[in-house]
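To keep things clear, I will list the structure first and then write my remarks on it.
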Amino acid sequence: MTNDDMQFEEPEIIYIPDEDGNEEEFEVIMKFEVDGSDSKYMMVVPLSGENEEEDEVYAFRYEEDGDDLKLYTIEDEEEWNIVEETFNTLLGEMEEDN
């Protein structure tokens with residue numbers, strides 16, 4: 001698959017409940033694994049943000065169990081630093097390819 005093919009793929013949309021139980025739509029922008037870990041991570045952005053200029057990116061550790069997707073917030077600072085560094089590295093590589 002070439003980079004051109006990837007640009008036309010349908011975005012993966014997931015629904016995450018907020019603190020009030022309302023489901024919000026998020027687009028998955030990247031999934032990756034961290035070297036030396038069995039954990040999988042995904043980066044998502046909200047689809048309907050009040051302020052379009054502030055594209056907040058959220059990171060979650062996730063597990064797939066058949067069709068079920070379980071998301072876990074990253075609360076450990078060391079784990080967060082590793083995820084952030086990996087995301088920035090992968091993002092930089094994607095930008096270099098374009």
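Going through the structure tokens in order, the chains are called A, B, and so on, while each chain numbers its residues from 1 and the ligands are numbered from 1 in the order shown.
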
Would you pick out the contacts of Ile74 (chain A) at 12 Å or less, using only C-alpha atoms, so that residues sharing its chain but fewer than 3 positions from it are not included, and give the list as an mmCIF file with N, CA, C and O atoms, in the first residue's frame?
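And here is the file that came out, result.cif:
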data_model
loop_
_atom_site.group_PDB
_atom_site.id
_atom_site.type_symbol
_atom_site.label_atom_id
_atom_site.label_comp_id
_atom_site.auth_asym_id
_atom_site.auth_seq_id
_atom_site.Cartn_x
_atom_site.Cartn_y
_atom_site.Cartn_z
ATOM 1 N N SER A 39 1.939 -3.384 25.331
ATOM 2 C CA SER A 39 0.821 -2.446 25.337
ATOM 3 C C SER A 39 0.626 -1.812 23.966
ATOM 4 O O SER A 39 1.578 -1.543 23.242
ATOM 5 N N LYS A 40 -0.658 -1.571 23.638
ATOM 6 C CA LYS A 40 -1.012 -0.890 22.398
ATOM 7 C C LYS A 40 -1.612 0.462 22.762
ATOM 8 O O LYS A 40 -2.321 0.592 23.763
ATOM 9 N N TYR A 41 -1.341 1.446 21.923
ATOM 10 C CA TYR A 41 -1.805 2.808 22.189
ATOM 11 C C TYR A 41 -2.494 3.372 20.954
ATOM 12 O O TYR A 41 -2.190 2.987 19.832
ATOM 13 N N MET A 42 -3.409 4.293 21.185
ATOM 14 C CA MET A 42 -4.041 5.008 20.089
ATOM 15 C C MET A 42 -4.127 6.480 20.426
ATOM 16 O O MET A 42 -4.270 6.859 21.585
ATOM 17 N N MET A 43 -4.005 7.280 19.387
ATOM 18 C CA MET A 43 -4.147 8.720 19.499
ATOM 19 C C MET A 43 -5.430 9.086 18.781
ATOM 20 O O MET A 43 -5.654 8.644 17.653
ATOM 21 N N TYR A 58 -5.773 13.099 22.150
ATOM 22 C CA TYR A 58 -5.857 12.307 23.366
ATOM 23 C C TYR A 58 -5.194 10.965 23.122
ATOM 24 O O TYR A 58 -5.300 10.395 22.035
ATOM 25 N N ALA A 59 -4.509 10.458 24.142
ATOM 26 C CA ALA A 59 -3.836 9.165 24.047
ATOM 27 C C ALA A 59 -4.485 8.189 25.014
ATOM 28 O O ALA A 59 -4.832 8.558 26.144
ATOM 29 N N PHE A 60 -4.657 6.967 24.554
ATOM 30 C CA PHE A 60 -5.195 5.902 25.387
ATOM 31 C C PHE A 60 -4.399 4.635 25.156
ATOM 32 O O PHE A 60 -3.952 4.362 24.041
ATOM 33 N N ARG A 61 -4.265 3.843 26.220
ATOM 34 C CA ARG A 61 -3.798 2.469 26.065
ATOM 35 C C ARG A 61 -5.057 1.682 25.757
ATOM 36 O O ARG A 61 -6.122 1.968 26.299
ATOM 37 N N TYR A 62 -4.975 0.715 24.854
ATOM 38 C CA TYR A 62 -6.190 -0.024 24.527
ATOM 39 C C TYR A 62 -5.940 -1.518 24.405
ATOM 40 O O TYR A 62 -4.810 -1.969 24.225
ATOM 41 N N LEU A 71 -10.599 1.002 26.496
ATOM 42 C CA LEU A 71 -9.646 2.108 26.567
ATOM 43 C C LEU A 71 -9.244 2.356 28.013
ATOM 44 O O LEU A 71 -10.064 2.271 28.916
ATOM 45 N N GLU A 77 3.228 8.941 34.716
ATOM 46 C CA GLU A 77 3.997 9.961 34.000
ATOM 47 C C GLU A 77 5.084 9.350 33.120
ATOM 48 O O GLU A 77 5.301 9.795 31.992
ATOM 49 N N GLU A 78 5.744 8.314 33.612
ATOM 50 C CA GLU A 78 6.795 7.670 32.816
ATOM 51 C C GLU A 78 6.203 7.031 31.557
ATOM 52 O O GLU A 78 6.744 7.168 30.459
ATOM 53 N N GLU A 79 5.050 6.342 31.716
ATOM 54 C CA GLU A 79 4.388 5.738 30.563
ATOM 55 C C GLU A 79 3.951 6.829 29.578
ATOM 56 O O GLU A 79 4.114 6.694 28.373
ATOM 57 N N TRP A 80 3.410 7.931 30.111
ATOM 58 C CA TRP A 80 2.970 9.030 29.249
ATOM 59 C C TRP A 80 4.144 9.586 28.444
ATOM 60 O O TRP A 80 4.025 9.848 27.252
ATOM 61 N N ASN A 81 5.287 9.775 29.079
ATOM 62 C CA ASN A 81 6.471 10.307 28.391
ATOM 63 C C ASN A 81 6.900 9.398 27.245
ATOM 64 O O ASN A 81 7.269 9.875 26.167
ATOM 65 N N ILE A 82 6.853 8.082 27.466
ATOM 66 C CA ILE A 82 7.230 7.126 26.423
ATOM 67 C C ILE A 82 6.243 7.199 25.266
ATOM 68 O O ILE A 82 6.633 7.221 24.098
ATOM 69 N N VAL A 83 4.941 7.267 25.576
ATOM 70 C CA VAL A 83 3.905 7.339 24.534
ATOM 71 C C VAL A 83 4.047 8.633 23.744
ATOM 72 O O VAL A 83 3.999 8.629 22.507
ATOM 73 N N GLU A 84 4.255 9.736 24.438
ATOM 74 C CA GLU A 84 4.393 11.028 23.767
ATOM 75 C C GLU A 84 5.612 11.039 22.848
ATOM 76 O O GLU A 84 5.552 11.514 21.708
#

DSSP strand (DSSP E or B) selection over region 3-94 of chain A, as a VMD selection string
chain A and resid 12 to 17 23 to 33 40 to 46 58 to 65 68 to 73

Take the residues that were just selected and, keeping N, CA and C atoms, output them as an mmCIF file, in the first residue's frame.
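Done, and the output landed in part-v8.cif:
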data_model
loop_
_atom_site.group_PDB
_atom_site.id
_atom_site.type_symbol
_atom_site.label_atom_id
_atom_site.label_comp_id
_atom_site.auth_asym_id
_atom_site.auth_seq_id
_atom_site.Cartn_x
_atom_site.Cartn_y
_atom_site.Cartn_z
ATOM 1 N N GLU A 12 -11.140 5.890 10.959
ATOM 2 C CA GLU A 12 -11.714 5.027 11.990
ATOM 3 C C GLU A 12 -12.323 5.928 13.062
ATOM 4 N N ILE A 13 -13.609 5.736 13.314
ATOM 5 C CA ILE A 13 -14.336 6.546 14.293
ATOM 6 C C ILE A 13 -14.674 5.670 15.494
ATOM 7 N N ILE A 14 -14.404 6.181 16.678
ATOM 8 C CA ILE A 14 -14.803 5.485 17.899
ATOM 9 C C ILE A 14 -15.648 6.433 18.742
ATOM 10 N N TYR A 15 -16.420 5.863 19.639
ATOM 11 C CA TYR A 15 -17.288 6.646 20.522
ATOM 12 C C TYR A 15 -16.828 6.432 21.953
ATOM 13 N N ILE A 16 -16.560 7.542 22.640
ATOM 14 C CA ILE A 16 -16.072 7.487 24.017
ATOM 15 C C ILE A 16 -17.041 8.274 24.881
ATOM 16 N N PRO A 17 -17.573 7.647 25.934
ATOM 17 C CA PRO A 17 -18.485 8.390 26.809
ATOM 18 C C PRO A 17 -17.736 9.430 27.637
ATOM 19 N N GLU A 23 -22.047 9.966 24.662
ATOM 20 C CA GLU A 23 -21.050 9.440 23.736
ATOM 21 C C GLU A 23 -20.543 10.551 22.825
ATOM 22 N N GLU A 24 -19.234 10.680 22.745
ATOM 23 C CA GLU A 24 -18.623 11.668 21.863
ATOM 24 C C GLU A 24 -17.846 10.937 20.772
ATOM 25 N N GLU A 25 -17.847 11.513 19.556
ATOM 26 C CA GLU A 25 -17.151 10.911 18.422
ATOM 27 C C GLU A 25 -15.692 11.362 18.389
ATOM 28 N N PHE A 26 -14.820 10.397 18.157
ATOM 29 C CA PHE A 26 -13.394 10.672 18.014
ATOM 30 C C PHE A 26 -12.881 9.944 16.779
ATOM 31 N N GLU A 27 -11.940 10.580 16.096
ATOM 32 C CA GLU A 27 -11.276 9.937 14.969
ATOM 33 C C GLU A 27 -9.931 9.412 15.446
ATOM 34 N N VAL A 28 -9.666 8.150 15.135
ATOM 35 C CA VAL A 28 -8.376 7.547 15.472
ATOM 36 C C VAL A 28 -7.372 8.029 14.437
ATOM 37 N N ILE A 29 -6.338 8.734 14.900
ATOM 38 C CA ILE A 29 -5.342 9.236 13.949
ATOM 39 C C ILE A 29 -4.092 8.362 13.897
ATOM 40 N N MET A 30 -3.894 7.552 14.935
ATOM 41 C CA MET A 30 -2.716 6.687 14.932
ATOM 42 C C MET A 30 -2.866 5.599 15.982
ATOM 43 N N LYS A 31 -2.418 4.391 15.625
ATOM 44 C CA LYS A 31 -2.301 3.288 16.581
ATOM 45 C C LYS A 31 -0.859 2.815 16.520
ATOM 46 N N PHE A 32 -0.306 2.472 17.669
ATOM 47 C CA PHE A 32 1.073 1.998 17.682
ATOM 48 C C PHE A 32 1.352 1.210 18.944
ATOM 49 N N GLU A 33 2.452 0.468 18.908
ATOM 50 C CA GLU A 33 2.957 -0.240 20.076
ATOM 51 C C GLU A 33 4.291 0.375 20.444
ATOM 52 N N LYS A 40 -0.658 -1.571 23.638
ATOM 53 C CA LYS A 40 -1.012 -0.890 22.398
ATOM 54 C C LYS A 40 -1.612 0.462 22.762
ATOM 55 N N TYR A 41 -1.341 1.446 21.923
ATOM 56 C CA TYR A 41 -1.805 2.808 22.189
ATOM 57 C C TYR A 41 -2.494 3.372 20.954
ATOM 58 N N MET A 42 -3.409 4.293 21.185
ATOM 59 C CA MET A 42 -4.041 5.008 20.089
ATOM 60 C C MET A 42 -4.127 6.480 20.426
ATOM 61 N N MET A 43 -4.005 7.280 19.387
ATOM 62 C CA MET A 43 -4.147 8.720 19.499
ATOM 63 C C MET A 43 -5.430 9.086 18.781
ATOM 64 N N VAL A 44 -6.274 9.879 19.438
ATOM 65 C CA VAL A 44 -7.558 10.257 18.853
ATOM 66 C C VAL A 44 -7.757 11.766 18.955
ATOM 67 N N VAL A 45 -8.587 12.297 18.057
ATOM 68 C CA VAL A 45 -8.976 13.704 18.105
ATOM 69 C C VAL A 45 -10.501 13.758 18.078
ATOM 70 N N PRO A 46 -11.084 14.708 18.809
ATOM 71 C CA PRO A 46 -12.546 14.840 18.781
ATOM 72 C C PRO A 46 -13.017 15.303 17.406
ATOM 73 N N TYR A 58 -5.773 13.099 22.150
ATOM 74 C CA TYR A 58 -5.857 12.307 23.366
ATOM 75 C C TYR A 58 -5.194 10.965 23.122
ATOM 76 N N ALA A 59 -4.509 10.458 24.142
ATOM 77 C CA ALA A 59 -3.836 9.165 24.047
ATOM 78 C C ALA A 59 -4.485 8.189 25.014
ATOM 79 N N PHE A 60 -4.657 6.967 24.554
ATOM 80 C CA PHE A 60 -5.195 5.902 25.387
ATOM 81 C C PHE A 60 -4.399 4.635 25.156
ATOM 82 N N ARG A 61 -4.265 3.843 26.220
ATOM 83 C CA ARG A 61 -3.798 2.469 26.065
ATOM 84 C C ARG A 61 -5.057 1.682 25.757
ATOM 85 N N TYR A 62 -4.975 0.715 24.854
ATOM 86 C CA TYR A 62 -6.190 -0.024 24.527
ATOM 87 C C TYR A 62 -5.940 -1.518 24.405
ATOM 88 N N GLU A 63 -7.035 -2.268 24.551
ATOM 89 C CA GLU A 63 -7.034 -3.710 24.345
ATOM 90 C C GLU A 63 -8.240 -4.044 23.490
ATOM 91 N N GLU A 64 -8.052 -4.972 22.581
ATOM 92 C CA GLU A 64 -9.164 -5.433 21.750
ATOM 93 C C GLU A 64 -9.527 -6.837 22.192
ATOM 94 N N ASP A 65 -10.820 -7.041 22.429
ATOM 95 C CA ASP A 65 -11.335 -8.343 22.822
ATOM 96 C C ASP A 65 -12.470 -8.670 21.857
ATOM 97 N N ASP A 68 -14.963 -5.891 20.952
ATOM 98 C CA ASP A 68 -14.935 -4.919 22.046
ATOM 99 C C ASP A 68 -13.591 -4.206 22.099
ATOM 100 N N LEU A 69 -13.659 -2.909 22.334
ATOM 101 C CA LEU A 69 -12.465 -2.090 22.482
ATOM 102 C C LEU A 69 -12.475 -1.512 23.891
ATOM 103 N N LYS A 70 -11.430 -1.786 24.650
ATOM 104 C CA LYS A 70 -11.325 -1.250 26.006
ATOM 105 C C LYS A 70 -10.234 -0.197 26.034
ATOM 106 N N LEU A 71 -10.599 1.002 26.496
ATOM 107 C CA LEU A 71 -9.646 2.108 26.567
ATOM 108 C C LEU A 71 -9.244 2.356 28.013
ATOM 109 N N TYR A 72 -7.983 2.683 28.202
ATOM 110 C CA TYR A 72 -7.459 2.984 29.536
ATOM 111 C C TYR A 72 -6.723 4.315 29.473
ATOM 112 N N THR A 73 -6.998 5.180 30.419
ATOM 113 C CA THR A 73 -6.262 6.439 30.457
ATOM 114 C C THR A 73 -4.833 6.164 30.923
#

Tell me, in Å to one decimal, how far CA of Leu91 (chain A) is from CA of Glu9 (chain A).
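Between these atoms lies a distance of 17.9 Å.
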
Apply DSSP to the backbone of this structure and, from chain A, keep only the residues in alpha helix (DSSP H); write these as a ChimeraX atom specification.
/A:3-7,77-97

Mind giving me the straight-line distance from CA of Gly36 (chain A) to CA of Glu56 (chain A) in Å, one decimal?
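Separating CA of Gly36 (chain A) from CA of Glu56 (chain A) is a distance of 27.5 Å.
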